[in-house]
Amino acid sequence: MKRFILFFFFWLPLLLTAQPQLSWRFANPRILRVSGLDRLEFDVQVKASEAGTLFWSGQFNLTFNNSAFSTVAADVTTVRAGISAQMSDISSDFKYAITRTVTGASPNLVINVALTPADISILGELPSAESSAEITTAWQTFIKLRLRLSDATAIAGIGFVQGSMNGQQAYHSGAGSYTYYQNPNLFVSPDLQMLQAGRVFSSMGWSQAGGSVNNVQHTDWTTAVNTSVWEGQPLLDGGAFLMNKLTIHSGAVLTVSDDASLTVSSDLVNQTGNTGLVLQSSAASTASLVHSSHDTPATVQRYISGSSNLTDMSYHLVSVPVSSGAVSGWWLDSYLYRFDAPGQTWISMGTSTTTPLSVDQGYMVYYPGIEHTYSFSGPLLNGIVPLSVGFFEAGGFSGLNLVPNPYPSAIDWNSVTGWTKTNVSNAFWIWNPVAGNYASFGAYGTLNATQFIPQGQAFFVKATADSPVLSVNNNARLHNSQAFFKNSDPPGLLRFKALANGMEDEMIIVFDPSASAAYNPQQDVAKLFGSGSAPQLFSATQQESLALTINALNLPAEGVSLPISLQLEVDGQLTLEFVNVATFDPAFELLLEDLLTGQVYDLRSTPSLLLDHLPSNPSDRFVLHVVKVTALPFVEAGCCKIWSMDDAVLFTHPSAHGSRLEVCITDMAGRLIVSKTCFNSSLNSLKVPGFTGLLVVSVKNNQNNSTKKIFLKPAI
């Protein structure tokens, strides 16, 4: 960094006596546009250890960063303020005269500024406040300086040259005499050495280079510039705030409100420590920080809702966003649990407040009250963070691991460069205390989960084989102003929701040409069961019968029939809702068969159902029939629907219940396979054992005749 020396020099005779002592400091830095140019303006302030001295003359010297400011003498200006601006009561002039000379050359430029009494003859008189300025015991502005900015990306590099200032200031002590202040001077932090010259907060508020209006402070948070919080306690309140470098100077505090996001793309320096950077949290949202500096000290808040009713399942999966020092006492007054991966079970953390918490694992917390906001202080995590995962089987479960979002920002599960995933399924689960169930996300999300994992959130992942690896890095980080977002769904995706007792569950069936009937951890998402008081809705893989909350499979040309299971440990009414049926391929019928009641519902005309439920009801109550509309040309509109499942021909008919129907089934050559008279019910079924291939099914009564071509393929 280039530097030059600026001498503020006040001429005086040599006389030295141990007397009252002076203290010096900088104050009120701000960036201001003057005469069409950006300038850094600041005060030099002084105070005395004893009251009553009248300043006679003296000097102070400053260093500057030649790269940050113009070295042209005319671009370094003094502005009368405080002591230097006082007017004499005897004359109509200022009490002190200011002159300036420039010597040397960059990078060692020296600017000499002399301040002398405007009327030298007053030395022969008794000291008087009418003609001299009193140095009080409170801070006073001595003079104001303005330096023209030439590089807003640099640091100011402004500081006192202490050695050359000591013993060089005097006060008017009597008629014809003056006395030196005590040597040495005192210098009070903070200085302006590390001040970022792009944007500054001080007692003057926020100011920034690049304004267009003279003498008006400018701020533009959409531009990432080097920023200093030099003093005070500013609040970034709502919205997005961009910075390149950020320095929080000693004693200053920067607070980010719960509805604000802060991006620091380069160095983040917090000289104050843990209390110098505060990320707030509320019931509505939590502040977000995306940064790239290691071990930045900060305080991160985490709002938690709770309940005094311990059966409410108001649990939260939480993470600790610091790299060291986390202990169980940070969750004081809550019930804290860890997930034991080898045992695939929860373990209480007990009552100790000093148990260390691992930052590569998640935890579960329950607050037995209405709400609470916790604060965690320490060095923030950043960069590559390995998460603790292992492949274990116990108690009918396998591969589950509770891992944290380790950062003070959201992370994107779908980030291609933000993760290392080896032998880990492409899905995660987050407990939703309102729904009483786990929200899940794979390629799609249930219960409003998306690819964005909120700050402070822990989540389950599933290892699929030995030696799993899961790590995350800064490429996955982003700001996400809501806890969850709902993605748009592709046309082949069906959502089924079950609602009861103020809670809900959701499952997805998605038809994808790349999917198969077998379980695929990169496409399917296993079901994690929630509260027994909440409905549990799931389908199953066709080969392994594994319960799934997201079931991806290929849709055969002839259609498919899928069992759908429902569990609920309390009786009462429940609602089933069906989403995206209107946008599903119109070449297929969507029919839901209730095996308990025998009813068949056309989902295109039935967006929801209200059903009675008993805990004793069989869980495999429903079958979804996705039936290809491939009828022969002479099928009559408004007649029966005909489809197949395994070795059975199924059909519904609009005629009255119990009415007589004639059914004829032939192969494509016209050979008779089945001929039968039956009586109409909600769902009619005829077995055709041992046959595979196309059939022509004809169903008629005395009013109409319906014929359809179907494909029969018995289950293996």
# chains A, B, ... in the order shown; residues from 1 in each chain; ligands from 1
$ residues_around --residues "range 641-647 of chain A" --least-positions-apart "3" --cutoff "7 Å" --atoms "only C-alpha atoms" --output "ChimeraX atom specification"
/A:561,627,650-653,687-689,708,710-715
$ residues_around --residues "Leu546 in chain A" --least-positions-apart "4" --cutoff "9 Å" --atoms "only C-alpha atoms" --output "ChimeraX atom specification"
/A:519,526-527,539-542
$ residues_around --residues "Ser84 in chain A" --least-positions-apart "6" --cutoff "8 Å" --atoms "only C-alpha atoms" --output "JSON, numbers by chain"
{"A": [94, 95, 96, 142, 143]}
$ residues_around --residues "Ser514 in chain A" --least-positions-apart "3" --cutoff "9 Å" --atoms "only C-alpha atoms" --output "CSV table (one decimal) with N, CA and C atoms, in the first residue's frame"
chain,number,residue,atom,x,y,z
A,511,PHE,N,-44.9,-40.2,-13.2
A,511,PHE,CA,-44.6,-41.1,-14.3
A,511,PHE,C,-43.5,-40.5,-15.1
A,552,ALA,N,-41.7,-43.0,-8.3
A,552,ALA,CA,-41.4,-42.7,-9.7
A,552,ALA,C,-41.4,-44.0,-10.5
A,553,LEU,N,-42.2,-44.1,-11.6
A,553,LEU,CA,-42.3,-45.3,-12.4
A,553,LEU,C,-42.6,-44.9,-13.8
A,554,ASN,N,-42.4,-45.9,-14.6
A,554,ASN,CA,-42.7,-45.7,-16.0
A,554,ASN,C,-44.2,-46.1,-16.3
$ closest_atom_pairs --of "range 509-623 of chain A" --to "range 289-311 of chain A" --cutoff "12 Å" --atoms "only C-alpha atoms" --output "tab-separated table"
residue	atom	partner	partner_atom	distance
A:Ser531	CA	A:Thr311	CA	9.6
A:Gly532	CA	A:Thr311	CA	10.8
A:Ser533	CA	A:Thr311	CA	9.9
$ closest_atom_pairs --of "range 391-435 of chain A" --to "range 320-325 of chain A" --cutoff "12 Å" --atoms "only C-alpha atoms" --output "Markdown table"
| residue | atom | partner | partner_atom | distance |
| --- | --- | --- | --- | --- |
| A:Val403 | CA | A:Val320 | CA | 10.5 |
| A:Pro404 | CA | A:Val320 | CA | 7.5 |
| A:Asn405 | CA | A:Pro321 | CA | 7.7 |
| A:Pro406 | CA | A:Pro321 | CA | 4.9 |
| A:Tyr407 | CA | A:Pro321 | CA | 5.3 |
| A:Pro408 | CA | A:Pro321 | CA | 6.1 |
| A:Ser409 | CA | A:Pro321 | CA | 9.3 |
| A:Ala410 | CA | A:Pro321 | CA | 11.4 |
$ residues_around --residues "Trp429 in chain A" --least-positions-apart "2" --cutoff "8 Å" --atoms "only C-alpha atoms" --output "number ranges by chain"
A: 427, 431, 438-441, 459-461, 528
$ residues_around --residues "Ser616 in chain A" --least-positions-apart "5" --cutoff "10 Å" --atoms "only C-alpha atoms" --output "mmCIF file with all heavy atoms, in the first residue's frame"
data_model
loop_
_atom_site.group_PDB
_atom_site.id
_atom_site.type_symbol
_atom_site.label_atom_id
_atom_site.label_comp_id
_atom_site.auth_asym_id
_atom_site.auth_seq_id
_atom_site.Cartn_x
_atom_site.Cartn_y
_atom_site.Cartn_z
ATOM 1 N N GLN A 567 -52.943 -44.999 6.646
ATOM 2 C CA GLN A 567 -52.954 -45.390 8.048
ATOM 3 C C GLN A 567 -53.282 -44.178 8.907
ATOM 4 O O GLN A 567 -52.823 -43.069 8.629
ATOM 5 C CB GLN A 567 -51.604 -45.973 8.473
ATOM 6 C CG GLN A 567 -51.226 -47.267 7.770
ATOM 7 C CD GLN A 567 -49.856 -47.777 8.197
ATOM 8 O OE1 GLN A 567 -49.188 -47.183 9.045
ATOM 9 N NE2 GLN A 567 -49.421 -48.881 7.595
ATOM 10 N N LEU A 568 -54.078 -44.405 9.954
ATOM 11 C CA LEU A 568 -54.417 -43.361 10.908
ATOM 12 C C LEU A 568 -54.882 -44.048 12.185
ATOM 13 O O LEU A 568 -55.788 -44.876 12.141
ATOM 14 C CB LEU A 568 -55.511 -42.442 10.359
ATOM 15 C CG LEU A 568 -55.979 -41.292 11.252
ATOM 16 C CD1 LEU A 568 -54.831 -40.351 11.577
ATOM 17 C CD2 LEU A 568 -57.123 -40.524 10.585
ATOM 18 N N GLU A 569 -54.251 -43.706 13.322
ATOM 19 C CA GLU A 569 -54.495 -44.432 14.553
ATOM 20 C C GLU A 569 -55.672 -43.913 15.354
ATOM 21 O O GLU A 569 -55.926 -44.396 16.466
ATOM 22 C CB GLU A 569 -53.230 -44.405 15.414
ATOM 23 C CG GLU A 569 -52.055 -45.140 14.782
ATOM 24 C CD GLU A 569 -50.800 -45.073 15.632
ATOM 25 O OE1 GLU A 569 -50.890 -44.542 16.767
ATOM 26 O OE2 GLU A 569 -49.743 -45.535 15.170
ATOM 27 N N VAL A 570 -56.414 -42.943 14.821
ATOM 28 C CA VAL A 570 -57.612 -42.427 15.487
ATOM 29 C C VAL A 570 -58.774 -42.486 14.509
ATOM 30 O O VAL A 570 -58.581 -42.422 13.291
ATOM 31 C CB VAL A 570 -57.403 -40.988 16.007
ATOM 32 C CG1 VAL A 570 -56.351 -40.956 17.101
ATOM 33 C CG2 VAL A 570 -57.012 -40.063 14.866
ATOM 34 N N ASP A 571 -59.971 -42.594 15.044
ATOM 35 C CA ASP A 571 -61.129 -42.656 14.157
ATOM 36 C C ASP A 571 -61.677 -41.260 13.894
ATOM 37 O O ASP A 571 -61.323 -40.291 14.559
ATOM 38 C CB ASP A 571 -62.214 -43.564 14.724
ATOM 39 C CG ASP A 571 -62.689 -43.128 16.108
ATOM 40 O OD1 ASP A 571 -62.225 -42.059 16.583
ATOM 41 O OD2 ASP A 571 -63.498 -43.831 16.715
#
$ closest_atom_pairs --of "range 5-89 of chain A" --to "range 171-176 of chain A" --cutoff "8 Å" --atoms "only C-alpha atoms" --output "tab-separated table"
residue	atom	partner	partner_atom	distance
A:Thr53	CA	A:Tyr171	CA	6.2
A:Leu54	CA	A:Tyr171	CA	5.3
A:Phe55	CA	A:Tyr171	CA	4.3
A:Trp56	CA	A:Tyr171	CA	4.4
A:Ser57	CA	A:Tyr171	CA	6.7
$ atom_distance --atom1 "CA of Thr597 in chain A" --atom2 "CA of Thr549 in chain A"
24.4 Å
$ select_by_dssp --residues "range 343-580 of chain A" --states "strand (DSSP E or B)" --output "count of residues only"
113
